[in-house]
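Novice: What follows is run_29.tsv, TSV, C-alpha atoms.
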chain	number	residue	atom	x	y	z
A	1	THR	CA	7.58	-18.94	-22.99
A	2	ILE	CA	4.76	-20.25	-20.83
A	3	SER	CA	7.13	-22.27	-18.64
A	4	GLU	CA	9.26	-19.17	-17.93
A	5	PHE	CA	6.11	-17.25	-17.06
A	6	MET	CA	4.99	-20.00	-14.66
A	7	ILE	CA	8.41	-20.03	-12.96
A	8	ARG	CA	8.22	-16.25	-12.50
A	9	MET	CA	4.70	-16.51	-11.10
A	10	ARG	CA	5.85	-19.13	-8.57
A	11	LEU	CA	8.70	-16.85	-7.52
A	12	CYS	CA	6.30	-13.90	-7.19
A	13	ASP	CA	3.99	-16.02	-5.06
A	14	LYS	CA	6.82	-16.57	-2.55
A	15	MET	CA	7.63	-12.86	-2.23
A	16	SER	CA	5.97	-10.38	0.09
A	17	TRP	CA	4.12	-7.65	-1.81
A	18	ASN	CA	3.12	-4.16	-0.68
A	19	ILE	CA	0.15	-2.58	-2.41
A	20	ILE	CA	0.38	1.13	-3.13
A	21	LEU	CA	-2.67	2.70	-4.75
A	22	PHE	CA	-2.60	6.02	-6.63
A	23	GLY	CA	-5.37	7.78	-8.49
A	24	ASP	CA	-8.77	9.37	-8.37
A	25	SER	CA	-12.04	8.45	-6.65
A	26	ASP	CA	-12.04	5.07	-8.39
A	27	ILE	CA	-9.02	4.27	-6.21
A	28	SER	CA	-9.85	6.30	-3.09
A	29	ARG	CA	-13.08	4.35	-2.59
A	30	TRP	CA	-11.51	0.88	-2.91
A	31	PRO	CA	-12.08	-1.12	0.24
A	32	PRO	CA	-9.22	-3.42	1.25
A	33	SER	CA	-11.45	-6.40	0.42
A	34	VAL	CA	-10.97	-5.72	-3.32
A	35	TYR	CA	-7.19	-5.27	-3.26
A	36	PRO	CA	-5.37	-7.76	-5.48
A	37	SER	CA	-5.25	-11.09	-3.69
A	38	SER	CA	-3.36	-13.43	-6.01
A	39	PHE	CA	-0.06	-12.54	-4.35
A	40	LYS	CA	1.17	-12.72	-0.77
A	41	ILE	CA	0.36	-9.24	0.51
A	42	GLY	CA	2.86	-7.45	2.73
A	43	PRO	CA	2.07	-5.98	6.12
A	44	LYS	CA	-0.09	-3.12	4.89
A	45	ALA	CA	-1.32	-1.24	1.87
A	46	SER	CA	-1.25	2.50	1.26
A	47	ASN	CA	-4.05	4.25	-0.60
A	48	TYR	CA	-3.21	7.75	-1.87
A	49	GLY	CA	-6.31	8.10	-4.05
A	50	GLU	CA	-8.21	11.39	-4.03
A	51	SER	CA	-11.61	12.18	-5.48
A	52	GLY	CA	-11.28	14.36	-8.57
A	53	ALA	CA	-7.56	13.71	-8.99
A	54	GLU	CA	-5.96	14.30	-12.35
A	55	LEU	CA	-2.69	12.76	-13.48
A	56	THR	CA	-0.70	15.73	-12.14
A	57	ASP	CA	-2.26	14.98	-8.74
A	58	VAL	CA	-1.20	11.35	-9.12
A	59	LEU	CA	2.32	12.56	-9.83
A	60	HIS	CA	2.21	14.50	-6.56
A	61	GLN	CA	0.85	11.38	-4.80
A	62	THR	CA	3.96	9.47	-5.90
A	63	VAL	CA	6.15	12.26	-4.51
A	64	GLN	CA	4.21	12.14	-1.21
A	65	TRP	CA	4.69	8.36	-1.04
A	66	LYS	CA	8.46	8.70	-1.60
A	67	LEU	CA	8.75	11.46	1.03
A	68	GLN	CA	6.90	9.30	3.57
A	69	ILE	CA	9.35	6.47	2.91
A	70	GLU	CA	12.28	8.84	3.49
A	71	ASP	CA	10.90	10.25	6.76
A	72	GLY	CA	9.60	6.88	8.01
A	73	THR	CA	5.91	7.82	8.23
A	74	ASN	CA	4.83	5.33	5.55
A	75	ASN	CA	3.33	2.10	6.88
A	76	ILE	CA	4.81	0.00	4.07
A	77	ASP	CA	7.55	-2.54	4.76
A	78	ASN	CA	10.29	-1.08	2.57
A	79	ASP	CA	13.17	-2.36	4.70
A	80	ASN	CA	12.41	-5.99	3.95
A	81	GLU	CA	14.70	-7.12	1.13
A	82	THR	CA	12.06	-9.53	-0.14
A	83	ALA	CA	9.31	-6.89	-0.15
A	84	ASN	CA	8.17	-5.63	-3.52
A	85	ASN	CA	5.78	-2.88	-4.39
A	86	LEU	CA	2.68	-3.56	-6.46
A	87	PHE	CA	1.41	-0.25	-7.84
A	88	VAL	CA	-2.24	0.16	-8.74
A	89	CYS	CA	-3.17	3.37	-10.53
A	90	CYS	CA	-6.43	4.55	-12.03
A	91	ALA	CA	-6.57	8.08	-13.37
A	92	GLY	CA	-7.06	10.06	-16.54
A	93	GLU	CA	-10.79	10.41	-16.90
A	94	ASN	CA	-10.78	13.65	-14.89
A	95	ASP	CA	-8.04	14.98	-17.21
A	96	ILE	CA	-10.26	14.26	-20.22
A	97	GLY	CA	-13.25	15.84	-18.48
A	98	SER	CA	-11.26	19.00	-17.72
A	99	GLY	CA	-10.35	19.42	-21.39
A	100	ARG	CA	-6.64	18.62	-21.20
A	101	SER	CA	-5.17	17.59	-24.52
A	102	LEU	CA	-4.29	13.97	-25.20
A	103	ASP	CA	-0.64	14.97	-25.71
A	104	LEU	CA	-0.48	16.61	-22.27
A	105	ILE	CA	-2.27	13.65	-20.65
A	106	LEU	CA	0.25	11.22	-22.18
A	107	GLU	CA	3.17	13.44	-21.16
A	108	THR	CA	1.94	13.50	-17.58
A	109	PHE	CA	1.30	9.74	-17.61
A	110	ARG	CA	4.91	9.21	-18.71
A	111	ALA	CA	6.05	11.45	-15.84
A	112	VAL	CA	4.06	9.28	-13.39
A	113	LEU	CA	5.73	6.14	-14.75
A	114	ASP	CA	9.15	7.82	-14.57
A	115	ALA	CA	8.47	8.80	-10.95
A	116	LEU	CA	7.59	5.22	-10.03
A	117	PHE	CA	10.30	3.57	-12.11
A	118	PRO	CA	13.18	6.07	-12.42
A	119	ALA	CA	15.93	5.26	-14.88
A	120	ASP	CA	18.38	7.44	-12.97
A	121	ASN	CA	18.03	8.28	-9.28
A	122	ASP	CA	19.84	11.59	-9.80
A	123	SER	CA	17.33	12.89	-12.33
A	124	LYS	CA	14.86	15.48	-11.09
A	125	GLN	CA	11.16	15.12	-11.86
A	126	GLN	CA	9.52	18.17	-13.42
A	127	LEU	CA	5.88	18.40	-12.35
A	128	PRO	CA	3.50	19.64	-15.07
A	129	SER	CA	1.06	22.29	-13.93
A	130	ASN	CA	-2.43	21.06	-13.07
A	131	LYS	CA	-3.82	24.13	-14.84
A	132	SER	CA	-2.02	23.48	-18.14
A	133	LYS	CA	-4.21	22.86	-21.18
A	134	MET	CA	-3.23	22.65	-24.83
Let me see the file written as structure tokens.
Specialist:
Amino acid sequence: TISEFMIRMRLCDKMSWNIILFGDSDISRWPPSVYPSSFKIGPKASNYGESGAELTDVLHQTVQWKLQIEDGTNNIDNDNETANNLFVCCAGENDIGSGRSLDLILETFRAVLDALFPADNDSKQQLPSNKSKM
């Protein structure tokens, strides 16, 4: 209902949010001035965008982000219990331009979502090849 949505939005407004950006040049060129501003933003944002990136590259960006959290080189406040991550991702047009099939693009997109929101922490992520085309 609308009232439940408004309650959730008020709760979100009180939380600290970290912005993590993944994707292609559309993301890599984003200046901090255009980062989402409707929420309280955490201490810093991380931009992993790369010009020319395809979804398999985005999948590797998520792995890089997780490794940096593990080794402590990420500038995001992940120790704060109230901190939440707001993921922004823009990718796929380079996959289409390179001739990858829609089925392979969707499969890789699902793998990106699974990497960001794992159902089981023990499951291993299989990275599709960037060269694969159907």
Novice: When you count all atoms listed in the file, which of these residues is closest to Ser28 of chain A: A:Leu113, A:Leu102, A:Val63, A:Ala91?
Specialist: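 Closest to Ser28 of chain A, using all atoms listed in the file: A:Ala91.
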Novice: For Gln64 of chain A, which residue among A:Tyr48, A:Ile105, A:Trp17, A:Tyr35 is the nearest when counting all atoms listed in the file?
Specialist: A:Tyr48
Novice: Just want the 7 Å neighbourhood of Asn85 of chain A, counted on all atoms listed in the file, with same-chain residues fewer than 4 positions away dropped. Output as a PDB file with C-alpha atoms, in the coordinates of the input.
Specialist:
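The resulting file, around_29.pdb, is shown below:
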ATOM      1  CA  TRP A  17       4.120  -7.650  -1.810  1.00  0.00           C
ATOM      2  CA  ASN A  18       3.120  -4.160  -0.680  1.00  0.00           C
ATOM      3  CA  ILE A  19       0.150  -2.580  -2.410  1.00  0.00           C
ATOM      4  CA  ILE A  20       0.380   1.130  -3.130  1.00  0.00           C
TER       5      ILE A  20
END
Novice: Which residue is closest to Leu59 of chain A? Choose from A:Ile96, A:Ile27, A:Leu116, A:Leu86 and count all atoms listed in the file.
Specialist: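 Of A:Ile96, A:Ile27, A:Leu116, A:Leu86, the one nearest Leu59 of chain A, counting all atoms listed in the file, is A:Leu116.
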Novice: Quote the spacing between atom CA of Trp30 of chain A and atom CA of Asp103 of chain A in Å to one decimal place.
Specialist: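 These two atoms are separated by 28.9 Å.
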Novice: For atom CA of Phe109 of chain A and atom CA of Leu21 of chain A, quote the distance in Å rounded to one decimal.
Specialist: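 Between atom CA of Phe109 of chain A and atom CA of Leu21 of chain A the gap works out to 15.2 Å.
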Novice: To one decimal place in Å, what is the distance between atom CA of Thr108 of chain A and atom CA of Asn84 of chain A?
Specialist: 24.5 Å
Novice: Would you compute an axis-aligned box for segment 47-52 of chain A, covering every atom listed for it in the file with 3 Å of margin on each side, and report centre and edge lengths in Å to one decimal as lines of an AutoDock Vina configuration file?
Specialist:
center_x = -7.4
center_y = 9.3
center_z = -4.6
size_x = 14.4
size_y = 16.1
size_z = 14.0
Novice: Pick the closest to Glu54 of chain A from A:Phe22, A:Cys90, A:Asp95, A:Pro31: which is it, counting all atoms listed in the file?
Specialist: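 Comparing A:Phe22, A:Cys90, A:Asp95, A:Pro31 against Glu54 of chain A, the winner is A:Asp95.
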Novice: Of the residues A:Glu4, A:Pro32, A:Leu55, A:Gly49, which is the one nearest to Glu93 of chain A, using all atoms listed in the file?
Specialist: A:Leu55
Novice: Nearest to Phe87 of chain A: which of A:Thr56, A:Thr73, A:Asn47, A:Ser101 is it, counting all atoms listed in the file?
Specialist: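 The closest residue to Phe87 of chain A is A:Asn47.
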